[in-house]
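input-v5.pdb follows (PDB, C-alpha atoms):
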```
ATOM      1  CA  MET A   1       0.000   0.000   0.000  1.00  0.00           C
ATOM      2  CA  THR A   2       1.406   3.356  -0.985  1.00  0.00           C
ATOM      3  CA  PRO A   3       1.852   6.134   1.610  1.00  0.00           C
ATOM      4  CA  LEU A   4      -0.856   8.167  -0.159  1.00  0.00           C
ATOM      5  CA  ALA A   5      -3.306   5.259   0.090  1.00  0.00           C
ATOM      6  CA  GLU A   6      -2.387   4.688   3.726  1.00  0.00           C
ATOM      7  CA  ASN A   7      -2.954   8.385   4.500  1.00  0.00           C
ATOM      8  CA  LEU A   8      -6.327   8.353   2.718  1.00  0.00           C
ATOM      9  CA  PHE A   9      -7.340   5.134   4.520  1.00  0.00           C
ATOM     10  CA  PHE A  10      -6.349   6.667   7.890  1.00  0.00           C
ATOM     11  CA  GLN A  11      -8.332   9.861   7.161  1.00  0.00           C
ATOM     12  CA  LEU A  12     -11.391   7.823   6.163  1.00  0.00           C
ATOM     13  CA  LEU A  13     -11.072   5.722   9.315  1.00  0.00           C
ATOM     14  CA  VAL A  14     -10.786   8.826  11.558  1.00  0.00           C
ATOM     15  CA  GLY A  15     -13.620  10.589   9.730  1.00  0.00           C
ATOM     16  CA  GLY A  16     -15.836   7.504   9.970  1.00  0.00           C
ATOM     17  CA  SER A  17     -15.239   7.127  13.690  1.00  0.00           C
ATOM     18  CA  LEU A  18     -15.881  10.850  14.258  1.00  0.00           C
ATOM     19  CA  LEU A  19     -19.102  10.626  12.273  1.00  0.00           C
ATOM     20  CA  GLY A  20     -20.140   7.506  14.200  1.00  0.00           C
ATOM     21  CA  SER A  21     -19.392   9.246  17.518  1.00  0.00           C
ATOM     22  CA  LEU A  22     -21.379  12.293  16.407  1.00  0.00           C
ATOM     23  CA  LEU A  23     -24.361  10.131  15.392  1.00  0.00           C
ATOM     24  CA  CYS A  24     -24.221   8.275  18.726  1.00  0.00           C
ATOM     25  CA  ALA A  25     -24.141  11.585  20.611  1.00  0.00           C
ATOM     26  CA  ILE A  26     -27.121  12.888  18.609  1.00  0.00           C
ATOM     27  CA  ALA A  27     -29.069   9.664  19.226  1.00  0.00           C
ATOM     28  CA  TRP A  28     -28.274   9.832  22.955  1.00  0.00           C
ATOM     29  CA  GLY A  29     -29.357  13.507  23.054  1.00  0.00           C
ATOM     30  CA  VAL A  30     -32.608  12.752  21.227  1.00  0.00           C
ATOM     31  CA  ALA A  31     -33.363   9.852  23.592  1.00  0.00           C
ATOM     32  CA  GLY A  32     -32.709  12.102  26.596  1.00  0.00           C
ATOM     33  CA  LEU A  33     -34.890  14.860  25.152  1.00  0.00           C
ATOM     34  CA  ARG A  34     -37.689  12.397  24.443  1.00  0.00           C
ATOM     35  CA  LYS A  35     -37.522  11.127  28.028  1.00  0.00           C
ATOM     36  CA  ARG A  36     -37.620  14.673  29.437  1.00  0.00           C
ATOM     37  CA  LEU A  37     -40.601  15.535  27.218  1.00  0.00           C
ATOM     38  CA  GLN A  38     -42.451  12.415  28.392  1.00  0.00           C
ATOM     39  CA  GLU A  39     -41.729  13.304  32.021  1.00  0.00           C
ATOM     40  CA  GLN A  40     -42.910  16.877  31.372  1.00  0.00           C
ATOM     41  CA  ARG A  41     -46.103  15.615  29.708  1.00  0.00           C
ATOM     42  CA  PHE A  42     -46.736  13.259  32.636  1.00  0.00           C
ATOM     43  CA  LEU A  43     -46.238  16.138  35.113  1.00  0.00           C
ATOM     44  CA  VAL A  44     -48.597  18.391  33.117  1.00  0.00           C
ATOM     45  CA  ASP A  45     -51.210  15.605  33.140  1.00  0.00           C
ATOM     46  CA  ARG A  46     -50.887  15.231  36.927  1.00  0.00           C
ATOM     47  CA  ILE A  47     -51.162  18.991  37.494  1.00  0.00           C
ATOM     48  CA  ASN A  48     -54.121  19.237  35.120  1.00  0.00           C
ATOM     49  CA  SER A  49     -55.936  16.467  37.001  1.00  0.00           C
ATOM     50  CA  ILE A  50     -55.721  18.572  40.175  1.00  0.00           C
ATOM     51  CA  LEU A  51     -57.082  21.752  38.552  1.00  0.00           C
ATOM     52  CA  PRO A  52     -60.892  22.137  38.600  1.00  0.00           C
ATOM     53  CA  GLN A  53     -61.404  22.143  34.802  1.00  0.00           C
ATOM     54  CA  THR A  54     -63.543  25.280  34.888  1.00  0.00           C
ATOM     55  CA  GLN A  55     -61.642  26.742  31.904  1.00  0.00           C
ATOM     56  CA  CYS A  56     -62.514  30.174  33.351  1.00  0.00           C
ATOM     57  CA  GLY A  57     -59.236  31.933  32.549  1.00  0.00           C
ATOM     58  CA  ARG A  58     -58.958  33.644  35.944  1.00  0.00           C
ATOM     59  CA  CYS A  59     -55.409  32.304  36.264  1.00  0.00           C
ATOM     60  CA  GLY A  60     -54.394  34.354  33.225  1.00  0.00           C
ATOM     61  CA  HIS A  61     -54.362  31.370  30.844  1.00  0.00           C
ATOM     62  CA  PRO A  62     -57.064  30.303  28.368  1.00  0.00           C
ATOM     63  CA  GLY A  63     -57.849  27.125  30.310  1.00  0.00           C
ATOM     64  CA  CYS A  64     -56.712  24.629  32.904  1.00  0.00           C
ATOM     65  CA  ARG A  65     -54.293  22.669  30.713  1.00  0.00           C
ATOM     66  CA  PRO A  66     -52.363  25.781  29.592  1.00  0.00           C
ATOM     67  CA  TYR A  67     -52.124  26.792  33.269  1.00  0.00           C
ATOM     68  CA  ALA A  68     -50.914  23.253  34.092  1.00  0.00           C
ATOM     69  CA  ARG A  69     -48.185  23.639  31.444  1.00  0.00           C
ATOM     70  CA  ALA A  70     -47.190  26.992  32.957  1.00  0.00           C
ATOM     71  CA  ILE A  71     -47.057  25.523  36.469  1.00  0.00           C
ATOM     72  CA  ALA A  72     -44.873  22.677  35.189  1.00  0.00           C
ATOM     73  CA  THR A  73     -42.397  25.266  33.914  1.00  0.00           C
ATOM     74  CA  GLY A  74     -42.305  27.205  37.169  1.00  0.00           C
ATOM     75  CA  GLU A  75     -45.343  29.509  37.321  1.00  0.00           C
ATOM     76  CA  ALA A  76     -46.984  30.068  40.717  1.00  0.00           C
ATOM     77  CA  ILE A  77     -49.447  27.418  41.918  1.00  0.00           C
ATOM     78  CA  ASN A  78     -51.809  29.877  43.635  1.00  0.00           C
ATOM     79  CA  ARG A  79     -53.685  31.510  40.760  1.00  0.00           C
ATOM     80  CA  CYS A  80     -56.813  29.339  40.554  1.00  0.00           C
ATOM     81  CA  PRO A  81     -59.773  30.714  42.551  1.00  0.00           C
ATOM     82  CA  PRO A  82     -62.109  27.827  41.616  1.00  0.00           C
ATOM     83  CA  GLY A  83     -59.502  25.341  42.822  1.00  0.00           C
ATOM     84  CA  GLY A  84     -58.978  27.278  46.039  1.00  0.00           C
ATOM     85  CA  ASP A  85     -56.982  26.014  48.986  1.00  0.00           C
ATOM     86  CA  ARG A  86     -57.531  22.367  48.122  1.00  0.00           C
ATOM     87  CA  ALA A  87     -55.884  22.694  44.694  1.00  0.00           C
ATOM     88  CA  ILE A  88     -53.041  24.765  46.141  1.00  0.00           C
ATOM     89  CA  ARG A  89     -52.433  22.136  48.837  1.00  0.00           C
ATOM     90  CA  ARG A  90     -52.444  19.266  46.351  1.00  0.00           C
ATOM     91  CA  LEU A  91     -50.186  21.127  43.909  1.00  0.00           C
ATOM     92  CA  SER A  92     -47.740  21.988  46.682  1.00  0.00           C
ATOM     93  CA  LEU A  93     -47.562  18.286  47.616  1.00  0.00           C
ATOM     94  CA  LEU A  94     -47.101  17.179  44.015  1.00  0.00           C
ATOM     95  CA  LEU A  95     -44.418  19.767  43.229  1.00  0.00           C
ATOM     96  CA  ASN A  96     -42.802  19.791  46.676  1.00  0.00           C
ATOM     97  CA  GLU A  97     -43.393  23.543  47.029  1.00  0.00           C
ATOM     98  CA  ALA A  98     -44.435  25.613  50.005  1.00  0.00           C
ATOM     99  CA  ARG A  99     -48.187  26.070  50.375  1.00  0.00           C
ATOM    100  CA  VAL A 100     -49.137  29.714  49.791  1.00  0.00           C
ATOM    101  CA  PRO A 101     -52.497  31.480  49.951  1.00  0.00           C
ATOM    102  CA  LEU A 102     -54.494  32.236  46.819  1.00  0.00           C
ATOM    103  CA  ASP A 103     -53.120  35.232  44.906  1.00  0.00           C
ATOM    104  CA  PRO A 104     -55.831  37.909  45.394  1.00  0.00           C
ATOM    105  CA  ALA A 105     -55.006  39.422  41.996  1.00  0.00           C
ATOM    106  CA  HIS A 106     -56.756  36.414  40.426  1.00  0.00           C
ATOM    107  CA  GLY A 107     -59.926  36.515  42.523  1.00  0.00           C
ATOM    108  CA  GLU A 108     -61.300  35.102  45.729  1.00  0.00           C
ATOM    109  CA  ILE A 109     -62.213  31.560  46.642  1.00  0.00           C
ATOM    110  CA  GLU A 110     -65.930  31.031  46.140  1.00  0.00           C
ATOM    111  CA  SER A 111     -68.236  28.122  46.635  1.00  0.00           C
ATOM    112  CA  ALA A 112     -69.055  26.047  43.570  1.00  0.00           C
ATOM    113  CA  LYS A 113     -71.649  27.674  41.315  1.00  0.00           C
ATOM    114  CA  VAL A 114     -73.651  26.777  38.255  1.00  0.00           C
ATOM    115  CA  ALA A 115     -75.127  29.005  35.536  1.00  0.00           C
ATOM    116  CA  VAL A 116     -78.907  29.134  35.240  1.00  0.00           C
ATOM    117  CA  ILE A 117     -80.722  30.725  32.316  1.00  0.00           C
ATOM    118  CA  ARG A 118     -84.046  32.410  33.055  1.00  0.00           C
ATOM    119  CA  GLU A 119     -85.598  30.723  30.077  1.00  0.00           C
ATOM    120  CA  ALA A 120     -88.642  33.003  29.764  1.00  0.00           C
ATOM    121  CA  GLU A 121     -86.285  35.942  29.168  1.00  0.00           C
ATOM    122  CA  CYS A 122     -83.903  34.170  26.766  1.00  0.00           C
ATOM    123  CA  ILE A 123     -84.039  35.528  23.196  1.00  0.00           C
ATOM    124  CA  GLY A 124     -82.019  32.695  21.628  1.00  0.00           C
ATOM    125  CA  CYS A 125     -79.067  34.814  20.518  1.00  0.00           C
ATOM    126  CA  THR A 126     -76.557  31.911  20.994  1.00  0.00           C
ATOM    127  CA  LYS A 127     -73.885  34.242  22.419  1.00  0.00           C
ATOM    128  CA  CYS A 128     -73.739  32.245  25.653  1.00  0.00           C
ATOM    129  CA  ILE A 129     -73.334  28.999  23.691  1.00  0.00           C
ATOM    130  CA  VAL A 130     -70.335  30.430  21.874  1.00  0.00           C
ATOM    131  CA  ALA A 131     -68.815  31.730  25.129  1.00  0.00           C
ATOM    132  CA  CYS A 132     -69.147  28.467  27.074  1.00  0.00           C
ATOM    133  CA  PRO A 133     -65.736  26.741  27.173  1.00  0.00           C
ATOM    134  CA  VAL A 134     -67.181  23.333  28.093  1.00  0.00           C
ATOM    135  CA  ASP A 135     -70.291  23.193  25.859  1.00  0.00           C
ATOM    136  CA  ALA A 136     -72.662  23.099  28.820  1.00  0.00           C
ATOM    137  CA  ILE A 137     -75.353  25.249  27.153  1.00  0.00           C
ATOM    138  CA  ILE A 138     -77.763  23.856  24.604  1.00  0.00           C
ATOM    139  CA  GLY A 139     -80.230  25.636  22.371  1.00  0.00           C
ATOM    140  CA  ALA A 140     -80.598  26.984  18.871  1.00  0.00           C
ATOM    141  CA  ALA A 141     -80.775  30.402  17.268  1.00  0.00           C
ATOM    142  CA  LYS A 142     -84.007  32.218  18.135  1.00  0.00           C
ATOM    143  CA  HIS A 143     -84.961  29.446  20.557  1.00  0.00           C
ATOM    144  CA  MET A 144     -84.620  29.263  24.311  1.00  0.00           C
ATOM    145  CA  HIS A 145     -81.311  27.963  25.709  1.00  0.00           C
ATOM    146  CA  THR A 146     -80.688  25.960  28.840  1.00  0.00           C
ATOM    147  CA  VAL A 147     -77.685  24.919  30.896  1.00  0.00           C
ATOM    148  CA  ILE A 148     -76.734  21.286  31.457  1.00  0.00           C
ATOM    149  CA  ALA A 149     -76.021  21.671  35.173  1.00  0.00           C
ATOM    150  CA  SER A 150     -73.855  18.555  35.432  1.00  0.00           C
ATOM    151  CA  GLU A 151     -71.547  19.918  32.709  1.00  0.00           C
ATOM    152  CA  CYS A 152     -71.425  23.554  33.846  1.00  0.00           C
ATOM    153  CA  THR A 153     -68.218  24.545  35.664  1.00  0.00           C
ATOM    154  CA  GLY A 154     -69.524  27.878  36.960  1.00  0.00           C
ATOM    155  CA  CYS A 155     -66.834  29.845  35.128  1.00  0.00           C
ATOM    156  CA  ASP A 156     -69.276  32.777  34.502  1.00  0.00           C
ATOM    157  CA  LEU A 157     -67.960  33.350  30.948  1.00  0.00           C
ATOM    158  CA  CYS A 158     -71.524  33.126  29.575  1.00  0.00           C
ATOM    159  CA  ILE A 159     -72.861  36.006  31.685  1.00  0.00           C
ATOM    160  CA  GLU A 160     -71.139  38.973  30.073  1.00  0.00           C
ATOM    161  CA  PRO A 161     -72.057  38.216  26.422  1.00  0.00           C
ATOM    162  CA  CYS A 162     -75.763  37.819  27.235  1.00  0.00           C
ATOM    163  CA  PRO A 163     -77.497  40.918  25.796  1.00  0.00           C
ATOM    164  CA  VAL A 164     -80.629  40.534  27.953  1.00  0.00           C
ATOM    165  CA  ASP A 165     -78.870  39.625  31.211  1.00  0.00           C
ATOM    166  CA  CYS A 166     -80.919  36.453  31.740  1.00  0.00           C
ATOM    167  CA  ILE A 167     -78.141  34.256  33.178  1.00  0.00           C
ATOM    168  CA  ASP A 168     -77.457  33.911  36.899  1.00  0.00           C
ATOM    169  CA  LEU A 169     -74.799  32.027  38.823  1.00  0.00           C
ATOM    170  CA  VAL A 170     -76.329  30.150  41.721  1.00  0.00           C
ATOM    171  CA  GLU A 171     -74.901  27.948  44.453  1.00  0.00           C
ATOM    172  CA  ARG A 172     -74.257  24.480  43.115  1.00  0.00           C
ATOM    173  CA  ALA A 173     -76.238  21.690  44.782  1.00  0.00           C
ATOM    174  CA  PRO A 174     -73.909  19.507  46.874  1.00  0.00           C
ATOM    175  CA  ALA A 175     -74.645  16.470  44.702  1.00  0.00           C
ATOM    176  CA  PHE A 176     -72.809  18.078  41.756  1.00  0.00           C
ATOM    177  CA  ARG A 177     -69.045  18.217  41.634  1.00  0.00           C
ATOM    178  CA  TYR A 178     -67.123  19.841  38.830  1.00  0.00           C
ATOM    179  CA  TRP A 179     -63.828  18.162  39.755  1.00  0.00           C
ATOM    180  CA  SER A 180     -63.065  14.669  38.658  1.00  0.00           C
ATOM    181  CA  LEU A 181     -64.146  12.457  41.549  1.00  0.00           C
ATOM    182  CA  ALA A 182     -61.189  10.173  40.852  1.00  0.00           C
ATOM    183  CA  ALA A 183     -58.772  13.123  41.052  1.00  0.00           C
ATOM    184  CA  LEU A 184     -60.295  14.295  44.323  1.00  0.00           C
ATOM    185  CA  ALA A 185     -60.250  10.886  45.895  1.00  0.00           C
ATOM    186  CA  THR A 186     -56.541  10.182  45.363  1.00  0.00           C
ATOM    187  CA  ASP A 187     -53.320  11.723  46.558  1.00  0.00           C
ATOM    188  CA  PRO A 188     -51.467  13.415  43.645  1.00  0.00           C
ATOM    189  CA  LEU A 189     -48.124  11.861  44.632  1.00  0.00           C
ATOM    190  CA  SER A 190     -48.908   8.294  45.561  1.00  0.00           C
ATOM    191  CA  GLY A 191     -52.256   7.726  43.860  1.00  0.00           C
ATOM    192  CA  GLU A 192     -53.498   6.366  47.195  1.00  0.00           C
ATOM    193  CA  PRO A 193     -56.939   7.325  48.544  1.00  0.00           C
ATOM    194  CA  CYS A 194     -56.779  10.566  50.458  1.00  0.00           C
ATOM    195  CA  HIS A 195     -59.023  11.749  53.264  1.00  0.00           C
ATOM    196  CA  ASP A 196     -59.277  15.440  54.140  1.00  0.00           C
TER
END
```
Same coordinates, now as structure tokens:
Amino acid sequence: MTPLAENLFFQLLVGGSLLGSLLCAIAWGVAGLRKRLQEQRFLVDRINSILPQTQCGRCGHPGCRPYARAIATGEAINRCPPGGDRAIRRLSLLLNEARVPLDPAHGEIESAKVAVIREAECIGCTKCIVACPVDAIIGAAKHMHTVIASECTGCDLCIEPCPVDCIDLVERAPAFRYWSLAALATDPLSGEPCHD
């Protein structure tokens, strides 16, 4: 083998091993990134299961899942008035953070409510249907609307668009719960039944 051929063979060998090392490093990085994304998605799912699913936007996000994503990346856990102290306590346990009171800039803790349409006054404009983030209002244009109480989260987003002011928020009957019963009944860390 001539010196030129030996030199070329050596360069190809070095280049091939560098390329192989680079590909291994990229594959290792992609696997690590995939694992971190799966862990992040799992954490967001856990946080979201604790939030009340009112989709009211009082936290400053368009719904509970976007707020769960923000919490997973470090945003404060005390911006959900519908979740109140219970959600803050469960989030602090899950994330190993200090329990803090509800941030008053986002509202006050209230008892669970449900929207009720005074049907005799409803003009069938459908503006409340469009505003409802959980599709809890049924009706058709120029016909009376009604609220499916079991689906309503009490977010109050339907009240403002109503041109005839025929929607009220009333105290929710104790039989209705807008949280997932499974989420309420288990500890966010262990998944074991919890008793308050």
### Query
Expanded to explicit residues, what is the PyMOL selection byres ((chain A and resi 128) around 10) for this file, as an NGL selection string?
:A and (117 or 124-127 or 129-133 or 135-139 or 145-147 or 156-163 or 167)
Output for the residues just chosen: C-alpha atoms as a PDB file, in the frame of the given file:
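Result went into selection_15.pdb, see below:
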```pdb
ATOM      1  CA  ILE A 117     -80.722  30.725  32.316  1.00  0.00           C
ATOM      2  CA  GLY A 124     -82.019  32.695  21.628  1.00  0.00           C
ATOM      3  CA  CYS A 125     -79.067  34.814  20.518  1.00  0.00           C
ATOM      4  CA  THR A 126     -76.557  31.911  20.994  1.00  0.00           C
ATOM      5  CA  LYS A 127     -73.885  34.242  22.419  1.00  0.00           C
ATOM      6  CA  ILE A 129     -73.334  28.999  23.691  1.00  0.00           C
ATOM      7  CA  VAL A 130     -70.335  30.430  21.874  1.00  0.00           C
ATOM      8  CA  ALA A 131     -68.815  31.730  25.129  1.00  0.00           C
ATOM      9  CA  CYS A 132     -69.147  28.467  27.074  1.00  0.00           C
ATOM     10  CA  PRO A 133     -65.736  26.741  27.173  1.00  0.00           C
ATOM     11  CA  ASP A 135     -70.291  23.193  25.859  1.00  0.00           C
ATOM     12  CA  ALA A 136     -72.662  23.099  28.820  1.00  0.00           C
ATOM     13  CA  ILE A 137     -75.353  25.249  27.153  1.00  0.00           C
ATOM     14  CA  ILE A 138     -77.763  23.856  24.604  1.00  0.00           C
ATOM     15  CA  GLY A 139     -80.230  25.636  22.371  1.00  0.00           C
ATOM     16  CA  HIS A 145     -81.311  27.963  25.709  1.00  0.00           C
ATOM     17  CA  THR A 146     -80.688  25.960  28.840  1.00  0.00           C
ATOM     18  CA  VAL A 147     -77.685  24.919  30.896  1.00  0.00           C
ATOM     19  CA  ASP A 156     -69.276  32.777  34.502  1.00  0.00           C
ATOM     20  CA  LEU A 157     -67.960  33.350  30.948  1.00  0.00           C
ATOM     21  CA  CYS A 158     -71.524  33.126  29.575  1.00  0.00           C
ATOM     22  CA  ILE A 159     -72.861  36.006  31.685  1.00  0.00           C
ATOM     23  CA  GLU A 160     -71.139  38.973  30.073  1.00  0.00           C
ATOM     24  CA  PRO A 161     -72.057  38.216  26.422  1.00  0.00           C
ATOM     25  CA  CYS A 162     -75.763  37.819  27.235  1.00  0.00           C
ATOM     26  CA  PRO A 163     -77.497  40.918  25.796  1.00  0.00           C
ATOM     27  CA  ILE A 167     -78.141  34.256  33.178  1.00  0.00           C
TER      28      ILE A 167
END
```
Under the PyMOL selection byres ((chain A and resi 45) around 12), which residues of this model are included? Write them out as a PyMOL selection string. chain A and resi 38-44+46-51+64-69+71-72+94+183+188
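Atom pair atom CA of A:Thr73 / atom CA of A:Thr153: separated by 25.9 Å.
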What is the distance between atom CA of A:Ile148 and atom CA of A:Glu108, in Å to one decimal?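 It comes out at 25.2 Å.
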Within 9 Å of A:Thr54 using only C-alpha atoms, minus same-chain residues under 4 positions, as a list in words
Gly63, Cys64, Pro82, Gly83, Pro133, Val134, Cys152, Thr153, Gly154, Cys155, Tyr178 and Trp179 of chain A
Edge lengths and centre, in Å to one decimal, as lines of an AutoDock Vina configuration file: that's what I need for the box along x, y and z that holds all listed atoms of stretch 23-34 of chain A plus 5 Å on each side.
```
center_x = -30.9
center_y = 11.6
center_z = 21.0
size_x = 23.5
size_y = 16.6
size_z = 21.2
```
